[in-house]
file final16.txt (compact mmCIF, C-alpha atoms (C1' of nucleotides))
# COMPACT_ATOMS: atom_id res chain seq x y z
CA MET A 2 0.00 0.00 0.00
CA LYS A 3 2.67 2.45 1.09
CA GLN A 4 4.81 1.71 -1.92
CA LYS A 5 1.86 2.02 -4.29
CA LYS A 6 1.10 5.51 -3.02
CA ILE A 7 4.68 6.62 -3.24
CA GLU A 8 4.92 5.38 -6.78
CA ALA A 9 1.69 7.13 -7.74
CA ILE A 10 2.98 10.36 -6.28
CA LEU A 11 6.33 10.09 -8.02
CA SER A 12 4.96 9.15 -11.39
CA THR A 13 2.40 11.92 -11.53
CA ALA A 14 4.94 14.37 -10.16
CA GLN A 15 7.29 13.29 -12.91
CA LYS A 16 4.71 14.15 -15.55
CA MET A 17 3.79 17.45 -13.97
CA PHE A 18 7.38 18.56 -13.43
CA GLY A 19 8.14 17.56 -16.99
CA ARG A 20 5.29 19.68 -18.32
CA TYR A 21 5.32 22.72 -16.05
CA GLY A 22 8.66 22.64 -14.31
CA LEU A 23 9.38 22.65 -10.59
CA GLN A 24 7.87 26.02 -9.79
CA LYS A 25 4.67 25.87 -11.79
CA THR A 26 3.80 22.42 -10.54
CA ASN A 27 1.09 22.44 -7.90
CA LEU A 28 1.34 19.77 -5.23
CA GLU A 29 -2.37 20.03 -4.49
CA GLU A 30 -3.00 19.08 -8.10
CA VAL A 31 -0.40 16.34 -7.94
CA ALA A 32 -2.15 14.93 -4.91
CA HIS A 33 -5.48 15.02 -6.67
CA MET A 34 -4.16 13.37 -9.83
CA ALA A 35 -2.33 10.73 -7.84
CA ARG A 36 -5.58 10.09 -5.90
CA VAL A 37 -3.86 10.80 -2.66
CA ALA A 38 -4.29 13.40 0.02
CA LYS A 39 -1.79 16.21 0.21
CA ALA A 40 -0.98 15.14 3.74
CA THR A 41 0.08 11.77 2.39
CA ILE A 42 2.59 13.44 0.15
CA TYR A 43 4.06 15.21 3.15
CA ASN A 44 4.00 11.98 5.05
CA TYR A 45 6.52 10.51 2.60
CA PHE A 46 8.47 13.54 1.42
CA GLU A 47 10.15 16.37 3.25
CA ASN A 48 9.06 19.01 0.79
CA LYS A 49 8.55 19.81 -2.88
CA ASN A 50 12.25 19.88 -3.67
CA ALA A 51 12.67 16.44 -2.18
CA ILE A 52 10.04 15.07 -4.54
CA TYR A 53 11.69 16.80 -7.45
CA LYS A 54 15.07 15.41 -6.48
CA GLU A 55 13.59 11.94 -6.19
CA VAL A 56 12.00 12.28 -9.63
CA LEU A 57 15.32 13.29 -11.15
CA LYS A 58 17.10 10.47 -9.36
CA THR A 59 14.54 7.97 -10.55
CA GLU A 60 14.88 9.16 -14.13
CA ALA A 61 18.65 8.96 -13.90
CA ASP A 62 18.57 5.45 -12.48
CA ALA A 63 16.04 4.29 -15.06
CA LEU A 64 18.29 5.61 -17.80
CA LEU A 65 21.35 3.97 -16.28
CA ASN A 66 19.47 0.70 -16.05
CA LYS A 67 18.41 0.82 -19.67
CA ILE A 68 21.97 1.55 -20.70
CA SER A 69 23.38 -1.24 -18.55
CA GLN A 70 20.88 -3.69 -19.97
CA SER A 71 21.69 -2.75 -23.55
CA VAL A 72 25.40 -3.00 -22.87
CA SER A 73 25.14 -6.36 -21.20
CA ARG A 74 23.34 -7.81 -24.20
CA GLU A 75 26.48 -7.36 -26.29
CA LEU A 76 29.49 -9.64 -26.19
CA SER A 77 32.45 -7.75 -27.59
CA PRO A 78 33.69 -4.62 -25.85
CA LYS A 79 33.43 -2.73 -29.10
CA ASP A 80 29.79 -3.62 -29.46
CA LYS A 81 29.25 -2.78 -25.82
CA LEU A 82 30.62 0.70 -26.29
CA THR A 83 28.56 1.24 -29.44
CA SER A 84 25.50 -0.01 -27.66
CA PHE A 85 26.21 2.26 -24.71
CA ILE A 86 26.11 5.34 -26.89
CA LYS A 87 23.05 4.21 -28.82
CA ALA A 88 21.15 3.34 -25.66
CA LYS A 89 22.11 6.51 -23.86
CA PHE A 90 20.68 8.76 -26.52
CA SER A 91 17.67 6.73 -27.45
CA HIS A 92 16.48 6.38 -23.87
CA MET A 93 17.44 9.86 -22.81
CA LYS A 94 14.48 11.31 -24.67
CA LYS A 95 12.23 9.81 -22.02
CA SER A 96 14.09 11.47 -19.18
CA VAL A 97 12.12 14.67 -19.67
CA ASN A 98 13.12 16.33 -16.45
CA ILE A 99 16.80 15.62 -16.87
CA LEU A 100 16.62 16.84 -20.45
CA LYS A 101 15.06 20.03 -19.21
CA VAL A 102 17.91 20.63 -16.83
CA ILE A 103 20.47 20.01 -19.53
CA LYS A 104 18.77 22.36 -21.95
CA MET A 105 18.43 25.11 -19.37
CA GLY A 106 22.13 25.34 -18.75
CA ARG A 107 23.93 25.20 -15.45
CA GLU A 108 23.88 28.90 -14.82
CA ARG A 109 20.45 28.84 -13.20
CA ALA A 110 20.36 25.20 -12.17
CA LEU A 111 19.50 24.25 -8.60
CA ILE A 112 22.01 22.42 -6.49
CA GLU A 113 19.79 19.35 -6.66
CA GLU A 114 19.82 19.49 -10.45
CA ARG A 115 23.55 19.86 -10.71
CA MET A 116 24.09 17.03 -8.30
CA ILE A 117 21.92 14.67 -10.30
CA CYS A 118 23.67 15.61 -13.54
CA GLU A 119 27.00 14.99 -11.87
CA TYR A 120 25.74 11.69 -10.49
CA LEU A 121 24.48 10.58 -13.89
CA PHE A 122 27.73 11.55 -15.52
CA GLU A 123 29.86 9.70 -12.99
CA LYS A 124 27.76 6.56 -13.31
CA GLU A 125 27.99 6.71 -17.08
CA VAL A 126 31.72 7.08 -16.87
CA ASN A 127 31.78 4.06 -14.60
CA ILE A 128 29.96 1.99 -17.18
CA ILE A 129 32.26 3.20 -19.93
CA HIS A 130 35.20 2.42 -17.74
CA SER A 131 34.09 -1.13 -17.14
CA ILE A 132 33.72 -1.58 -20.90
CA LEU A 133 37.16 -0.16 -21.62
CA TYR A 134 38.72 -2.22 -18.85
CA GLU A 135 37.22 -5.41 -20.19
CA GLY A 136 38.39 -4.47 -23.66
CA VAL A 137 41.93 -4.01 -22.47
CA GLU A 138 41.81 -7.30 -20.55
CA LYS A 139 40.65 -9.08 -23.65
CA GLY A 140 43.33 -7.43 -25.72
CA VAL A 141 40.97 -5.74 -28.15
CA PHE A 142 41.46 -2.25 -26.76
CA HIS A 143 44.80 -0.57 -26.41
CA ILE A 144 44.49 2.09 -23.73
CA ASN A 145 47.06 3.41 -21.29
CA ASN A 146 44.77 5.01 -18.78
CA THR A 147 41.28 3.52 -18.97
CA LEU A 148 39.96 5.87 -16.31
CA LEU A 149 41.08 8.93 -18.16
CA SER A 150 39.79 7.58 -21.45
CA SER A 151 36.36 6.87 -20.06
CA ARG A 152 36.09 10.40 -18.72
CA ALA A 153 37.16 11.78 -22.06
CA ILE A 154 34.59 9.73 -23.93
CA GLY A 155 31.94 10.70 -21.42
CA GLU A 156 32.70 14.37 -21.85
CA SER A 157 32.70 14.12 -25.60
CA LEU A 158 29.17 12.75 -25.51
CA ARG A 159 27.97 15.76 -23.54
CA GLY A 160 28.17 17.85 -26.66
CA PHE A 161 25.53 15.67 -28.24
CA GLU A 162 23.15 15.92 -25.35
CA LEU A 163 22.49 19.55 -26.14
CA ASN A 164 21.20 18.66 -29.57
CA LEU A 165 18.81 16.01 -28.40
CA SER A 166 15.52 17.79 -28.67
CA VAL A 167 16.80 21.02 -30.07
CA ARG A 168 18.47 20.51 -33.35
CA ASP A 169 17.75 20.67 -37.02
CA ASN A 170 17.87 17.36 -38.75
CA SER A 171 17.61 14.26 -36.63
CA ASP A 172 19.52 12.25 -39.23
CA ASN A 173 22.32 14.73 -39.02
CA PHE A 174 22.52 14.08 -35.31
CA LYS A 175 22.49 10.32 -35.69
CA ASN A 176 25.12 10.37 -38.40
CA SER A 177 27.45 12.56 -36.39
CA LEU A 178 27.02 10.39 -33.35
CA ASN A 179 27.65 7.21 -35.33
CA GLU A 180 30.71 8.76 -36.87
CA LEU A 181 32.12 9.74 -33.49
CA THR A 182 31.44 6.23 -32.26
CA GLN A 183 33.40 4.86 -35.17
CA ILE A 184 36.29 7.23 -34.63
CA VAL A 185 36.49 6.54 -30.93
CA CYS A 186 36.28 2.79 -31.43
CA SER A 187 39.03 2.87 -34.02
CA GLY A 188 41.00 5.14 -31.74
CA ILE A 189 41.08 2.75 -28.84
CA MET A 190 41.18 -0.56 -30.65
CA ALA A 191 44.39 -2.52 -30.77
CA GLU A 192 46.00 -2.97 -34.18
CA LYS A 193 45.07 -6.59 -34.72
CA ALA A 194 41.48 -6.14 -33.65
CA ARG A 195 41.28 -3.04 -35.77
CA LEU A 196 42.46 -4.75 -38.93
CA LYS A 197 39.89 -7.46 -38.50
CA ALA A 198 36.98 -5.00 -38.26
CA MET B 30 38.59 58.59 -37.56
CA LYS B 31 35.39 56.74 -38.31
CA GLN B 32 37.02 53.40 -37.76
CA LYS B 33 38.63 54.52 -34.52
CA LYS B 34 35.25 55.49 -33.08
CA ILE B 35 33.62 52.27 -34.12
CA GLU B 36 36.39 50.29 -32.54
CA ALA B 37 36.17 52.30 -29.35
CA ILE B 38 32.45 51.68 -29.17
CA LEU B 39 32.80 47.98 -29.83
CA SER B 40 35.61 47.39 -27.41
CA THR B 41 33.95 49.16 -24.51
CA ALA B 42 30.64 47.52 -25.37
CA GLN B 43 32.41 44.18 -25.31
CA LYS B 44 33.64 44.82 -21.80
CA MET B 45 30.29 46.10 -20.58
CA PHE B 46 28.27 43.28 -22.12
CA GLY B 47 30.77 40.84 -20.69
CA ARG B 48 30.32 42.24 -17.21
CA TYR B 49 26.65 43.13 -17.05
CA GLY B 50 25.05 41.31 -19.95
CA LEU B 51 23.00 42.74 -22.76
CA GLN B 52 20.15 44.10 -20.68
CA LYS B 53 22.01 45.68 -17.81
CA THR B 54 24.45 47.44 -20.09
CA ASN B 55 23.68 51.14 -20.46
CA LEU B 56 24.48 52.67 -23.84
CA GLU B 57 24.75 56.13 -22.36
CA GLU B 58 27.50 54.81 -20.14
CA VAL B 59 29.11 52.99 -23.05
CA ALA B 60 29.13 56.24 -25.00
CA HIS B 61 30.74 58.05 -22.10
CA MET B 62 33.40 55.39 -21.56
CA ALA B 63 34.15 55.22 -25.26
CA ARG B 64 34.44 59.05 -25.28
CA VAL B 65 31.81 59.30 -27.90
CA ALA B 66 28.36 60.85 -28.08
CA LYS B 67 25.39 58.57 -27.90
CA ALA B 68 24.28 59.91 -31.28
CA THR B 69 27.53 58.62 -32.73
CA ILE B 70 26.71 55.15 -31.57
CA TYR B 71 23.36 55.36 -33.32
CA ASN B 72 25.09 56.75 -36.36
CA TYR B 73 26.96 53.49 -36.79
CA PHE B 74 24.61 50.95 -35.30
CA GLU B 75 20.96 50.24 -35.84
CA ASN B 76 20.27 49.53 -32.18
CA LYS B 77 21.59 47.91 -29.04
CA ASN B 78 21.10 44.40 -30.35
CA ALA B 79 23.09 45.20 -33.46
CA ILE B 80 26.03 46.27 -31.30
CA TYR B 81 25.71 43.14 -29.26
CA LYS B 82 25.59 40.99 -32.35
CA GLU B 83 28.66 42.75 -33.71
CA VAL B 84 30.50 42.19 -30.43
CA LEU B 85 29.69 38.49 -30.55
CA LYS B 86 30.68 38.27 -34.20
CA THR B 87 33.97 40.04 -33.47
CA GLU B 88 34.70 37.67 -30.62
CA ALA B 89 33.92 34.70 -32.82
CA ASP B 90 36.11 35.91 -35.64
CA ALA B 91 38.95 36.72 -33.29
CA LEU B 92 38.74 33.21 -31.91
CA LEU B 93 38.62 31.68 -35.37
CA ASN B 94 41.65 33.72 -36.38
CA LYS B 95 43.64 32.58 -33.39
CA ILE B 96 42.73 29.01 -34.12
CA SER B 97 43.62 29.30 -37.80
CA GLN B 98 46.94 30.85 -36.94
CA SER B 99 47.81 28.12 -34.47
CA VAL B 100 46.79 25.44 -36.94
CA SER B 101 48.78 26.94 -39.79
CA ARG B 102 51.93 26.91 -37.69
CA GLU B 103 51.90 23.13 -37.65
CA LEU B 104 53.03 20.95 -40.50
CA SER B 105 51.47 17.52 -40.06
CA PRO B 106 47.69 17.11 -40.14
CA LYS B 107 47.85 15.34 -36.82
CA ASP B 108 49.64 18.25 -35.21
CA LYS B 109 47.22 20.62 -36.87
CA LEU B 110 44.26 18.86 -35.33
CA THR B 111 45.89 18.76 -31.93
CA SER B 112 46.74 22.41 -32.21
CA PHE B 113 43.18 23.21 -33.26
CA ILE B 114 41.79 21.77 -30.07
CA LYS B 115 44.42 23.36 -27.87
CA ALA B 116 43.96 26.75 -29.45
CA LYS B 117 40.18 26.61 -29.38
CA PHE B 118 40.01 26.09 -25.66
CA SER B 119 42.90 28.28 -24.63
CA HIS B 120 41.62 31.27 -26.57
CA MET B 121 37.98 30.71 -25.82
CA LYS B 122 38.43 31.98 -22.28
CA LYS B 123 38.82 35.47 -23.73
CA SER B 124 35.56 35.31 -25.61
CA VAL B 125 33.63 36.33 -22.55
CA ASN B 126 30.35 37.10 -24.25
CA ILE B 127 30.32 33.88 -26.24
CA LEU B 128 31.19 31.96 -23.11
CA LYS B 129 28.28 33.61 -21.36
CA VAL B 130 25.89 32.47 -24.06
CA ILE B 131 27.21 28.93 -23.91
CA LYS B 132 26.89 28.79 -20.15
CA MET B 133 23.38 30.18 -20.18
CA GLY B 134 21.99 27.41 -22.33
CA ARG B 135 20.01 27.76 -25.53
CA GLU B 136 16.66 27.78 -23.85
CA ARG B 137 16.70 31.49 -23.18
CA ALA B 138 19.16 32.51 -25.87
CA LEU B 139 18.32 35.27 -28.33
CA ILE B 140 18.18 34.54 -32.01
CA GLU B 141 21.34 36.60 -32.47
CA GLU B 142 23.13 34.52 -29.90
CA ARG B 143 22.10 31.23 -31.42
CA MET B 144 23.09 32.41 -34.85
CA ILE B 145 26.56 33.37 -33.72
CA CYS B 146 27.03 30.04 -31.95
CA GLU B 147 25.93 28.28 -35.10
CA TYR B 148 28.25 30.42 -37.18
CA LEU B 149 31.19 29.73 -34.92
CA PHE B 150 30.47 26.03 -34.97
CA GLU B 151 30.21 25.87 -38.74
CA LYS B 152 33.46 27.74 -39.19
CA GLU B 153 35.20 25.48 -36.73
CA VAL B 154 33.91 22.46 -38.57
CA ASN B 155 35.24 23.99 -41.78
CA ILE B 156 38.69 24.30 -40.28
CA ILE B 157 38.57 20.76 -38.97
CA HIS B 158 37.40 19.60 -42.35
CA SER B 159 40.28 21.22 -44.16
CA ILE B 160 42.66 19.52 -41.74
CA LEU B 161 41.05 16.13 -42.23
CA TYR B 162 40.96 16.56 -45.99
CA GLU B 163 44.63 17.41 -46.10
CA GLY B 164 45.35 14.42 -43.90
CA VAL B 165 43.54 12.09 -46.25
CA GLU B 166 45.29 13.59 -49.26
CA LYS B 167 48.64 13.05 -47.60
CA GLY B 168 47.71 9.52 -46.70
CA VAL B 169 48.11 9.95 -42.95
CA PHE B 170 44.37 9.95 -42.20
CA HIS B 171 42.02 7.20 -43.17
CA ILE B 172 38.52 8.66 -43.34
CA ASN B 173 35.59 7.74 -45.51
CA ASN B 174 33.52 10.84 -45.11
CA THR B 175 35.67 13.79 -44.03
CA LEU B 176 32.70 16.10 -43.82
CA LEU B 177 30.84 13.83 -41.47
CA SER B 178 33.93 13.23 -39.40
CA SER B 179 34.63 16.90 -38.97
CA ARG B 180 31.08 17.50 -37.76
CA ALA B 181 31.39 14.61 -35.34
CA ILE B 182 34.63 15.93 -33.92
CA GLY B 183 33.18 19.41 -33.69
CA GLU B 184 30.18 18.14 -31.76
CA SER B 185 32.31 16.10 -29.43
CA LEU B 186 34.21 19.23 -28.44
CA ARG B 187 31.02 20.99 -27.47
CA GLY B 188 30.82 18.87 -24.36
CA PHE B 189 34.05 20.40 -23.16
CA GLU B 190 32.92 23.96 -23.71
CA LEU B 191 30.48 23.66 -20.84
CA ASN B 192 33.26 22.92 -18.41
CA LEU B 193 35.45 25.83 -19.43
CA SER B 194 34.88 28.22 -16.58
CA VAL B 195 32.60 26.02 -14.54
CA ARG B 196 34.35 22.91 -13.50
CA ASP B 197 36.25 21.49 -10.62
CA ASN B 198 39.82 20.80 -11.38
CA SER B 199 41.35 22.49 -14.38
CA ASP B 200 43.89 19.69 -14.75
CA ASN B 201 41.08 17.22 -14.96
CA PHE B 202 39.68 19.17 -17.87
CA LYS B 203 43.01 19.38 -19.67
CA ASN B 204 43.70 15.71 -19.20
CA SER B 205 40.33 14.64 -20.51
CA LEU B 206 40.69 16.91 -23.50
CA ASN B 207 44.17 15.62 -24.25
CA GLU B 208 42.95 12.10 -23.94
CA LEU B 209 40.09 12.69 -26.35
CA THR B 210 42.52 14.31 -28.75
CA GLN B 211 44.68 11.22 -28.59
CA ILE B 212 41.76 8.88 -29.13
CA VAL B 213 40.40 10.84 -32.05
CA CYS B 214 43.80 11.12 -33.68
CA SER B 215 44.40 7.41 -33.33
CA GLY B 216 40.91 6.80 -34.61
CA ILE B 217 41.39 8.60 -37.87
CA MET B 218 45.04 7.84 -38.54
CA ALA B 219 45.97 5.35 -41.20
CA GLU B 220 47.66 2.17 -40.00
CA LYS B 221 51.16 3.01 -41.16
CA ALA B 222 51.10 6.53 -39.81
CA ARG B 223 49.66 5.19 -36.58
CA LEU B 224 52.40 2.66 -36.05
CA LYS B 225 55.05 5.30 -36.54
CA ALA B 226 53.56 7.59 -33.89
C1' DA C 18 31.35 63.59 -38.97
C1' DT C 19 30.44 64.44 -34.23
C1' DT C 20 28.50 66.44 -30.43
C1' DG C 21 25.22 67.95 -26.67
C1' DT C 22 20.76 68.41 -25.47
C1' DA C 23 16.18 67.92 -25.34
C1' DC C 24 12.60 64.88 -26.25
C1' DT C 25 9.40 60.65 -26.66
C1' DA C 26 8.00 56.18 -25.92
C1' DT C 27 8.83 51.93 -24.23
C1' DA C 28 10.60 48.85 -21.11
C1' DA C 29 12.45 48.01 -16.51
C1' DT C 30 11.71 48.64 -11.69
C1' DA C 31 9.48 49.30 -7.23
C1' DC C 32 6.00 48.45 -4.26
C1' DG C 33 1.82 47.62 -2.02
C1' DA C 34 -2.40 44.76 -2.50
C1' DT C 35 -4.04 40.32 -3.59
C1' DT C 36 -3.89 35.66 -4.50
C1' DT C 37 -1.79 31.34 -4.69
C1' DA C 38 0.21 27.53 -2.90
C1' DA C 39 3.72 25.30 0.34
C1' DG C 40 3.75 23.23 4.46
C1' DT C 41 1.44 22.12 9.26
C1' DC C 42 -2.04 20.38 12.27
C1' DT C 43 -6.00 17.82 13.72
C1' DA C 44 -9.85 15.01 14.14
C1' DA C 45 -12.26 11.61 11.79
C1' DA C 46 -12.46 7.66 8.48
C1' DA C 47 -10.57 3.51 6.45
C1' DT D 28 -1.72 2.59 11.85
C1' DT D 29 -2.26 4.85 7.69
C1' DT D 30 -4.86 7.94 5.09
C1' DT D 31 -7.89 11.56 4.45
C1' DA D 32 -10.33 16.15 4.19
C1' DG D 33 -10.17 20.40 5.52
C1' DA D 34 -8.85 24.31 8.20
C1' DC D 35 -4.97 27.04 8.99
C1' DT D 36 -0.42 29.83 8.71
C1' DT D 37 2.91 31.85 6.22
C1' DA D 38 5.87 32.65 2.51
C1' DA D 39 6.07 33.29 -2.10
C1' DA D 40 4.10 34.33 -6.60
C1' DT D 41 1.16 37.35 -9.15
C1' DC D 42 -0.96 41.58 -10.28
C1' DG D 43 -1.82 46.43 -10.84
C1' DT D 44 -0.03 50.75 -10.73
C1' DA D 45 3.11 54.44 -10.02
C1' DT D 46 7.81 55.60 -10.98
C1' DT D 47 12.02 55.57 -13.10
C1' DA D 48 15.44 54.46 -16.48
C1' DT D 49 16.91 54.22 -20.80
C1' DA D 50 16.54 52.99 -25.81
C1' DG D 51 16.10 55.43 -29.65
C1' DT D 52 15.10 60.08 -32.32
C1' DA D 53 15.48 64.90 -33.74
C1' DC D 54 18.09 68.81 -34.31
C1' DA D 55 20.86 72.71 -33.91
C1' DA D 56 25.77 73.63 -33.22
C1' DT D 57 30.55 72.57 -34.09
call {"tool": "encode", "arguments": {"input": "final16.txt", "output": "structure tokens"}}
result
Amino acid sequence: MKQKKIEAILSTAQKMFGRYGLQKTNLEEVAHMARVAKATIYNYFENKNAIYKEVLKTEADALLNKISQSVSRELSPKDKLTSFIKAKFSHMKKSVNILKVIKMGRERALIEERMICEYLFEKEVNIIHSILYEGVEKGVFHINNTLLSSRAIGESLRGFELNLSVRDNSDNFKNSLNELTQIVCSGIMAEKARLKA
Amino acid sequence: MKQKKIEAILSTAQKMFGRYGLQKTNLEEVAHMARVAKATIYNYFENKNAIYKEVLKTEADALLNKISQSVSRELSPKDKLTSFIKAKFSHMKKSVNILKVIKMGRERALIEERMICEYLFEKEVNIIHSILYEGVEKGVFHINNTLLSSRAIGESLRGFELNLSVRDNSDNFKNSLNELTQIVCSGIMAEKARLKA
DNA sequence: ATTGTACTATAATACGATTTAAGTCTAAAA
DNA sequence: TTTTAGACTTAAATCGTATTATAGTACAAT
């Protein structure tokens, strides 16, 4: 029962925040739509910001899960990395609140928002790192400092986030992203593995 | 004489816009600081936005010039590309108004601001493209679609722009950027050239 | 070509009045 | 025990209006 209520609150809050943003979202309305009393909301959450933070966190974790799943379906490290990038951007569209934060720019971002972005980034880098590490172990990747490389790749993908829901031609975006994937893969693959591909 | 005045106006406007932003910058004050009558400003510029646009354009062109110069000092395509990236980020710190726009996020950016960012990006991609093309011609780069690759590299660098004046450790930034440079270079270099390096 | 000044009109600001909504509390219902 | 409706307090958002600042113009003088 408890859990059901909490989920109802979070999922409607997610929609409302996504549509109207943190400020313009009315908790009274959220309560009504979630078929819950306002007091119940305050029974489970400190305040509005806490709900917002939880929504962002949930979105981030959902995204990370989707990515991890996609990655784990692949066998070769190269395919894992490719799948990471594909999954990240295809599932990111659903993370409406996170997307909003990214589009807004850090300048006026709340501490909660920045923290979640940082969290998401670090986790992504972790996943990339595990892929690179495995690649090196298997001898298909040739990388001196896997930690540094994973950060670098993570950062390079940030540029593409900005163009997610903004940009001109969607094909243009996909092509650029695929091309970068190719370049990066070639860039870190060991000679022998590279010649085979 | 004419040119001197225009330059005075633009350079003080650049400082003022950089400090206070478009809105909070007072043209009367700009006129005074540039030792020019307000009427003179309106003799050379349509309106405030036009000055702002010109300031942004000037910053962009200055940056592009610096980059081009740095690139042209190098001989090998690989060094040119490396130098491009280095120059872009080291000189970008001086483009205060452009940096401001980038940090703010597109959401609330004026059309003028977006256009300049687009312009800068396209020009950068052009430079990258000429480097890649030369590299392919010389046989040191192995790239199928140089145009696509240059866009991809351009986009990947965008992620780093966000961290220019924002981020934690500056060394961290430099290291990541260097690492990406390495990866990209390896990724596009032909086998023989790669083995030599 | 440039300036100073005076001018207009519009946009920014300030501020008090009003409304909205966050957050609390309680007593009753489930 | 958890949940609810509703009353309540208080802080913030909104609104209307008065005020000010300043973008932009016009012009006579240099």
call {"tool": "closest_atom_pairs", "arguments": {"input": "final16.txt", "of": "chain A", "to": "chain D", "cutoff": "9 Å", "atoms": "all atoms listed in the file", "output": "Markdown table"}}
result
| residue | atom | partner | partner_atom | distance |
| --- | --- | --- | --- | --- |
| A:Lys3 | CA | D:DT29 | C1' | 8.6 |
| A:Val37 | CA | D:DT31 | C1' | 8.2 |
| A:Ala38 | CA | D:DT31 | C1' | 6.0 |
| A:Lys39 | CA | D:DT31 | C1' | 8.8 |
| A:Ala40 | CA | D:DT31 | C1' | 7.8 |
| A:Thr41 | CA | D:DT30 | C1' | 6.8 |
call {"tool": "interface_residues", "arguments": {"input": "final16.txt", "of": "chain C", "to": "chain B", "cutoff": "8 Å", "atoms": "all atoms listed in the file", "output": "ChimeraX atom specification"}}
result
/C:18-21
call {"tool": "interface_residues", "arguments": {"input": "final16.txt", "of": "chain A", "to": "chain B", "cutoff": "7 Å", "atoms": "all atoms listed in the file", "output": "list in words"}}
result
Lys104, Met105, Gly106, Arg107, Glu108, Leu149, Ser150, Arg152, Ala153, Ile154, Glu156, Ser157, Leu158, Arg159, Gly160, Phe161, Ser177, Leu178, Glu180, Leu181, Ile184, Val185, Cys186, Ser187, Gly188 and Ile189 of chain A
call {"tool": "residues_around", "arguments": {"input": "final16.txt", "residues": "Phe118 in chain B", "least_positions_apart": "4", "cutoff": "8 Å", "atoms": "all atoms listed in the file", "output": "list in words"}}
result
Ile114, Lys122, Glu190 and Leu193 of chain B
call {"tool": "axis_aligned_box", "arguments": {"input": "final16.txt", "around": "range 203-217 of chain B", "padding_each_side": "5 Å", "output": "AutoDock Vina command-line options"}}
result
--center_x 42.4 --center_y 13.1 --center_z -28.5 --size_x 14.6 --size_y 22.6 --size_z 28.7
call {"tool": "residues_around", "arguments": {"input": "final16.txt", "residues": "Val100 in chain B", "least_positions_apart": "2", "cutoff": "6 Å", "atoms": "all atoms listed in the file", "output": "list in words"}}
result
Ser97, Gln98, Arg102, Glu103, Lys109, Ser112 and Phe113 of chain B
call {"tool": "atom_distance", "arguments": {"input": "final16.txt", "atom1": "CA of Ala79 in chain B", "atom2": "CA of Glu141 in chain B"}}
result
8.8 Å
call {"tool": "atom_distance", "arguments": {"input": "final16.txt", "atom1": "CA of Ile129 in chain A", "atom2": "CA of Thr147 in chain A"}}
result
9.1 Å
call {"tool": "closest_residue", "arguments": {"input": "final16.txt", "among": "A:Asn48, A:Ser96, A:Asn27, A:Thr13", "to": "DG40 in chain C", "atoms": "only C-alpha atoms (C1' of nucleotides)"}}
result
A:Asn48
call {"tool": "residues_around", "arguments": {"input": "final16.txt", "residues": "Leu92 in chain B", "least_positions_apart": "6", "cutoff": "8 Å", "atoms": "all atoms listed in the file", "output": "PyMOL selection string"}}
result
chain B and resi 117+120-121+124
call {"tool": "write_last_selection", "arguments": {"input": "final16.txt", "atoms": "C-alpha atoms", "output": "mmCIF file, in the frame of the given file"}}
result
data_model
loop_
_atom_site.group_PDB
_atom_site.id
_atom_site.type_symbol
_atom_site.label_atom_id
_atom_site.label_comp_id
_atom_site.auth_asym_id
_atom_site.auth_seq_id
_atom_site.Cartn_x
_atom_site.Cartn_y
_atom_site.Cartn_z
ATOM 1 C CA LYS B 117 40.180 26.610 -29.380
ATOM 2 C CA HIS B 120 41.620 31.270 -26.570
ATOM 3 C CA MET B 121 37.980 30.710 -25.820
ATOM 4 C CA SER B 124 35.560 35.310 -25.610
#
call {"tool": "atom_distance", "arguments": {"input": "final16.txt", "atom1": "CA of Ala61 in chain A", "atom2": "CA of Leu128 in chain B"}}
result
27.8 Å
call {"tool": "closest_residue", "arguments": {"input": "final16.txt", "among": "B:Asp200, B:Glu83, B:Glu75, B:Asp90", "to": "Ala42 in chain B", "atoms": "only C-alpha atoms"}}
result
B:Glu83
call {"tool": "residues_around", "arguments": {"input": "final16.txt", "residues": "Gly19 in chain A", "least_positions_apart": "2", "cutoff": "8 Å", "atoms": "all atoms listed in the file", "output": "PDB file with C-alpha atoms, in the coordinates of the input"}}
result
ATOM      1  CA  GLN A  15       7.290  13.290 -12.910  1.00  0.00           C
ATOM      2  CA  LYS A  16       4.710  14.150 -15.550  1.00  0.00           C
ATOM      3  CA  MET A  17       3.790  17.450 -13.970  1.00  0.00           C
ATOM      4  CA  TYR A  21       5.320  22.720 -16.050  1.00  0.00           C
ATOM      5  CA  GLY A  22       8.660  22.640 -14.310  1.00  0.00           C
ATOM      6  CA  VAL A  97      12.120  14.670 -19.670  1.00  0.00           C
ATOM      7  CA  ASN A  98      13.120  16.330 -16.450  1.00  0.00           C
ATOM      8  CA  LYS A 101      15.060  20.030 -19.210  1.00  0.00           C
TER       9      LYS A 101
END
